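S.K.: The structure follows.
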Amino acid sequence: MPQPYNQFRAMLAITKASLKALFRSPSAVGFGLAFPMIFILIFGFLGGGGGINVRIAFDKNTDTLSPVYQSIKGAPGIRVIQKNEKELVEDLEKGRITAILNIQKSKDTIADWKISFKSSGAVNPQNLQVLQSLFESKIKAADAAIYPGGRTIAAIDRNVEMIPGRTYRTIDFILPGQLGFSLMSAGIFGVAFIFFNLRQTLVLKRFYATPIRRTYIVLGEGLSRVIFQMLTAIVILLAGHFFFKFTLVHGMVTFFELLVLSFIGLAVFMGFGFLVSSIAKTDSVIPLLVNIFTLPQFLLAGTFFTIDNFPSWLQPICRILPLTHLNDAMRNVAFEGAHLTDCGKQLGVLGIWGVLVYIVAIRIFKWE
């Protein structure tokens with residue numbers, strides 16, 4: 001009596017063959033591993049802290065009637081964060097804000113007001129220096145208009161109160177963004193080209209002559225892409241950690257949680273790949289369709305710098321992009337010590353994108 005056809009074994013055979021093809025593909029290795037590693041090497045060798053990002057908060061006891069307060073609050077280049085005291089201290093410890101300021105009436109006869117700073121070890125010292133220099137220039141400008149003599153409107157307390165904080169390096173921001181870019185490129189470009197070529201070369205049609213079901217064909221090809229890209233994610237994370245001191249707060253726990261996030265992000269982006277492969281009429285159209293989706297995210301989803309640097313009207317658009325939430329979740333887990341259970345918002349947005357794109361992809365996916 002003949003043995004029943006083994007669908008699972010057939011799926012693994014497709015996976016193995018496709019995986020071999022991926023490792024032999026220059027474009028797959030380039031987009032999945034080489035390009036992200038080049039960016040990581042460049043920013044890793046830069047070392048030090050992140051780029052200048054002057055975000056401040058005011059102490060609850062700050063005299064808000066002070067003209068100094070009003071002048072600082074409206075100054076270009078400074079963003080004032082308003083949260084409760086506990087959240088502000090937490091942000092300061094994690095380097096999210098540069099300093100907490102306290103402006104009080106001065107008791108000496110030289111200055112009208114006194115400005116004191118509270119910062120942390122997680123803050124880039126360059127940002128703190130820039131902030132102090134900015135204050136000095138504004139005070140000098142005010143003094144020239146109000147006090148032509150030796151008096152000053154405000155004096156800066158040079159004894160900055162420092163609280164403990166984890167050093168935030170450039171690599172801690174850049175690596176999650178590059179990993180997210182790698183997952184997005186591989187998930188969309190890879191799947192779009194694979195299934196378009198399989199359809200054009202009639203390979204999918206030849207599969208019909210075998211007993212394997214269509215679902216296992218898709219699973220086999222998809223599994224090869226997942227295995228390949230998860231291997232590149234492992235290489236990127238380990239290289240960043242051991243060569244450039246990329247922060248993994250909870251060690252191996254954080255490492256495995258980042259891999260879970262990588263898998264979720266890749267699964268979502270592969271849905272867009274299925275979508276593009278069905279829409280495209282020729283292989284020359286695929287790069288155009290893919291770039292319409294990937295390029296805005298590459299620029300706007302916080303890959304190289306925080307989206308807080310964008311104009312306020314653009315930020316809501318940035319915050320609906322799936323790559324933004326993948327990058328945020330990875331940075332929260334890697335540096336801030338969050339766990340997957342703390343990333344409900346980011347995972348929820350990724351889940352919504354995933355459900356929507358697969359509903360559309362399933363409806364329009366073409367086998368011939």
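Identifiers in the structure tokens: chain A, B, ... in order shown; residue index from 1 per chain; ligand index from 1 in order shown.
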Tell me, as a ChimeraX atom specification, which residues lie within 12 Å of segment 307-321 of chain A, counting only C-alpha atoms; anything in the same chain fewer than 2 positions away does not count.

M.R.: /A:51-55,76-81,96-97,184,265,268-269,293-305,323-328,345-346,348-350,352-354

S.K.: Selection from above, C-alpha atoms, as a CSV table (one decimal), in the first residue's frame, can you write it?

M.R.:
chain,number,residue,atom,x,y,z
A,51,GLY,CA,23.2,63.4,18.1
A,52,ILE,CA,22.3,66.7,19.6
A,53,ASN,CA,18.7,66.6,20.8
A,54,VAL,CA,18.0,69.3,23.4
A,55,ARG,CA,14.8,68.3,25.2
A,76,PRO,CA,14.0,77.6,18.9
A,77,GLY,CA,16.0,74.4,19.3
A,78,ILE,CA,14.6,73.6,22.7
A,79,ARG,CA,11.6,71.3,23.2
A,80,VAL,CA,9.9,71.4,26.6
A,81,ILE,CA,8.5,68.0,27.9
A,96,ARG,CA,15.4,60.9,27.0
A,97,ILE,CA,15.7,64.5,28.1
A,184,MET,CA,11.7,45.6,6.0
A,265,GLY,CA,8.3,42.7,12.1
A,268,VAL,CA,4.3,41.9,8.8
A,269,PHE,CA,6.7,43.2,6.1
A,293,PHE,CA,6.3,51.9,0.7
A,294,THR,CA,9.9,51.5,2.0
A,295,LEU,CA,11.5,54.9,1.2
A,296,PRO,CA,9.2,57.0,3.3
A,297,GLN,CA,9.7,54.7,6.3
A,298,PHE,CA,13.4,54.6,5.8
A,299,LEU,CA,13.4,58.4,6.1
A,300,LEU,CA,10.6,59.0,8.6
A,301,ALA,CA,10.4,56.0,10.9
A,302,GLY,CA,13.4,57.0,13.2
A,303,THR,CA,16.0,54.9,11.4
A,304,PHE,CA,18.8,57.5,11.8
A,305,PHE,CA,17.4,60.1,14.1
A,323,LEU,CA,8.7,50.5,11.0
A,324,THR,CA,8.4,53.4,13.6
A,325,HIS,CA,6.8,51.0,16.1
A,326,LEU,CA,9.2,48.2,15.4
A,327,ASN,CA,12.1,50.5,15.9
A,328,ASP,CA,10.6,52.0,19.1
A,345,LYS,CA,1.1,49.7,21.8
A,346,GLN,CA,3.9,49.0,19.3
A,348,GLY,CA,-0.8,46.4,18.6
A,349,VAL,CA,0.0,48.7,15.7
A,350,LEU,CA,2.2,46.1,14.0
A,352,ILE,CA,-3.2,45.9,12.8
A,353,TRP,CA,-0.9,46.5,9.9
A,354,GLY,CA,-0.3,42.7,9.6

S.K.: Restricting the calculation to only C-alpha atoms, which member of A:Phe272, A:Phe335, A:Tyr216, A:Phe365 is positioned closest to Lys245 of chain A?

M.R.: A:Phe335

S.K.: So which residues touch Thr152 of chain A within 8 Å, counting only C-alpha atoms, skipping near sequence neighbours fewer than 4 positions away, as a ChimeraX atom specification?

M.R.: /A:110-112,139-140,143,147

S.K.: Hey, which of A:Phe242, A:Phe58, A:Phe173, A:Phe8 ends up closest to Arg213 of chain A? Count only C-alpha atoms.

M.R.: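 Looking only at the distances to Arg213 of chain A, the closest residue turns out to be A:Phe8.
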
S.K.: When you count only C-alpha atoms, which of these residues is closest to Lys94 of chain A: A:Lys114, A:Arg331, A:Arg166, A:His241?

M.R.: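 Smallest separation from Lys94 of chain A among the options: A:Arg166.
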
S.K.: Near Met230 of chain A, within 12 Å and counting only C-alpha atoms, which residues show up once chain neighbours fewer than 3 positions away are dropped, as a VMD selection string?

M.R.: chain A and resid 32 to 33 179 to 180 182 to 183 186 to 187 223 to 227 233 to 237 256 258 to 267

S.K.: May I have all residues of segment 72-246 of chain A that DSSP, computed from the backbone, assigns to strand (DSSP E), given as a list in words?

M.R.: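 Filtering segment 72-246 of chain A to strand (DSSP E) leaves Arg79, Val80, Ala99, Ile100, Leu101, Asn102, Ile103, Gln104, Lys105, Ala111, Asp112, Trp113, Lys114, Ile115, Ser116, Phe117, Lys118, Ser119, Ser120, Thr152, Ile153, Ala154, Ala155, Ile156, Glu161, Met162 and Ile163 of chain A.
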
S.K.: Could you pull out all residues of segment 111-165 of chain A with a DSSP call of helix (DSSP H, G or I) and give them as a ChimeraX atom specification?

M.R.: /A:125-146

S.K.: Next, the residues of the selection above should be written as an mmCIF file, in the first residue's frame with C-alpha atoms.

M.R.:
data_model
loop_
_atom_site.group_PDB
_atom_site.id
_atom_site.type_symbol
_atom_site.label_atom_id
_atom_site.label_comp_id
_atom_site.auth_asym_id
_atom_site.auth_seq_id
_atom_site.Cartn_x
_atom_site.Cartn_y
_atom_site.Cartn_z
ATOM 1 C CA PRO A 125 27.647 65.733 27.727
ATOM 2 C CA GLN A 126 27.712 67.574 24.419
ATOM 3 C CA ASN A 127 23.957 68.134 24.638
ATOM 4 C CA LEU A 128 24.304 69.547 28.160
ATOM 5 C CA GLN A 129 27.063 71.903 27.023
ATOM 6 C CA VAL A 130 24.978 73.029 24.059
ATOM 7 C CA LEU A 131 22.052 73.691 26.387
ATOM 8 C CA GLN A 132 24.162 75.767 28.784
ATOM 9 C CA SER A 133 25.703 77.714 25.896
ATOM 10 C CA LEU A 134 22.244 78.422 24.522
ATOM 11 C CA PHE A 135 21.166 79.800 27.892
ATOM 12 C CA GLU A 136 24.252 81.963 28.165
ATOM 13 C CA SER A 137 23.650 83.524 24.752
ATOM 14 C CA LYS A 138 20.019 84.300 25.581
ATOM 15 C CA ILE A 139 21.000 85.819 28.942
ATOM 16 C CA LYS A 140 23.647 88.008 27.291
ATOM 17 C CA ALA A 141 21.131 89.197 24.705
ATOM 18 C CA ALA A 142 18.633 90.051 27.456
ATOM 19 C CA ASP A 143 21.294 91.800 29.529
ATOM 20 C CA ALA A 144 22.311 93.965 26.577
ATOM 21 C CA ALA A 145 18.725 95.170 26.235
ATOM 22 C CA ILE A 146 17.789 95.468 29.931
#

S.K.: Rounded to one decimal in Å, what is the spacing between atom CA of Val290 of chain A and atom CA of Phe196 of chain A?

M.R.: 13.0 Å

S.K.: Between A:Ile359, A:Cys343, A:Leu19, A:Met252, which residue has the minimum interatomic distance to Gln229 of chain A, considering only C-alpha atoms?

M.R.: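 Closest to Gln229 of chain A of all the choices is A:Leu19.
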
S.K.: Could you check how far atom CA of Ala334 of chain A sits from atom CA of Leu175 of chain A, in Å to one decimal?

M.R.: 10.1 Å

S.K.: Nearest to Met270 of chain A: which of A:Asn61, A:Thr201, A:Thr247, A:Ser185 is it, counting only C-alpha atoms?

M.R.: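 Smallest distance to Met270 of chain A is found for A:Ser185.
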
S.K.: What gap, in Å, lies between atom CA of Pro164 of chain A and atom CA of Leu238 of chain A?

M.R.: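 Atom CA of Pro164 of chain A sits 26.8 Å away from atom CA of Leu238 of chain A.
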
S.K.: Skip Pro287 of chain A itself and residues of its chain fewer than 4 positions away, then list as a list in words all residues within 10 Å of it, counting only C-alpha atoms.

M.R.: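 Result of the neighbour search: Ile188, Phe189, Ala192, Phe193, Val276, Ala280, Asp283, Asn291, Ile292 and Thr294 of chain A.
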
S.K.: Please dump the current selection as a PDB file, in the first residue's frame; keep N, CA and C atoms.

M.R.:
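Produced file result.pdb, reproduced below:
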ATOM      1  N   ILE A 188      10.055  42.677   2.160  1.00  0.00           N
ATOM      2  CA  ILE A 188       9.275  43.173   1.025  1.00  0.00           C
ATOM      3  C   ILE A 188       9.962  42.857  -0.303  1.00  0.00           C
ATOM      4  N   PHE A 189      11.223  43.285  -0.445  1.00  0.00           N
ATOM      5  CA  PHE A 189      11.941  43.025  -1.692  1.00  0.00           C
ATOM      6  C   PHE A 189      12.052  41.526  -1.962  1.00  0.00           C
ATOM      7  N   ALA A 192       8.621  39.785  -2.706  1.00  0.00           N
ATOM      8  CA  ALA A 192       8.044  40.287  -3.959  1.00  0.00           C
ATOM      9  C   ALA A 192       8.746  39.674  -5.165  1.00  0.00           C
ATOM     10  N   PHE A 193      10.082  39.675  -5.166  1.00  0.00           N
ATOM     11  CA  PHE A 193      10.828  39.143  -6.306  1.00  0.00           C
ATOM     12  C   PHE A 193      10.712  37.626  -6.398  1.00  0.00           C
ATOM     13  N   VAL A 276       2.912  43.225  -3.237  1.00  0.00           N
ATOM     14  CA  VAL A 276       3.622  43.794  -4.389  1.00  0.00           C
ATOM     15  C   VAL A 276       3.769  42.755  -5.499  1.00  0.00           C
ATOM     16  N   ALA A 280       2.401  43.807  -9.260  1.00  0.00           N
ATOM     17  CA  ALA A 280       3.366  44.097 -10.319  1.00  0.00           C
ATOM     18  C   ALA A 280       3.062  43.313 -11.603  1.00  0.00           C
ATOM     19  N   ASP A 283       8.809  42.752 -13.802  1.00  0.00           N
ATOM     20  CA  ASP A 283       9.788  42.813 -12.714  1.00  0.00           C
ATOM     21  C   ASP A 283      10.392  44.199 -12.551  1.00  0.00           C
ATOM     22  N   ASN A 291       9.652  50.763  -3.265  1.00  0.00           N
ATOM     23  CA  ASN A 291      10.193  52.021  -2.748  1.00  0.00           C
ATOM     24  C   ASN A 291       9.107  52.997  -2.328  1.00  0.00           C
ATOM     25  N   ILE A 292       7.942  52.916  -2.963  1.00  0.00           N
ATOM     26  CA  ILE A 292       6.830  53.773  -2.542  1.00  0.00           C
ATOM     27  C   ILE A 292       6.482  53.501  -1.084  1.00  0.00           C
ATOM     28  N   THR A 294       8.723  51.588   1.154  1.00  0.00           N
ATOM     29  CA  THR A 294       9.891  51.513   2.045  1.00  0.00           C
ATOM     30  C   THR A 294      10.624  52.840   2.219  1.00  0.00           C
TER      31      THR A 294
END
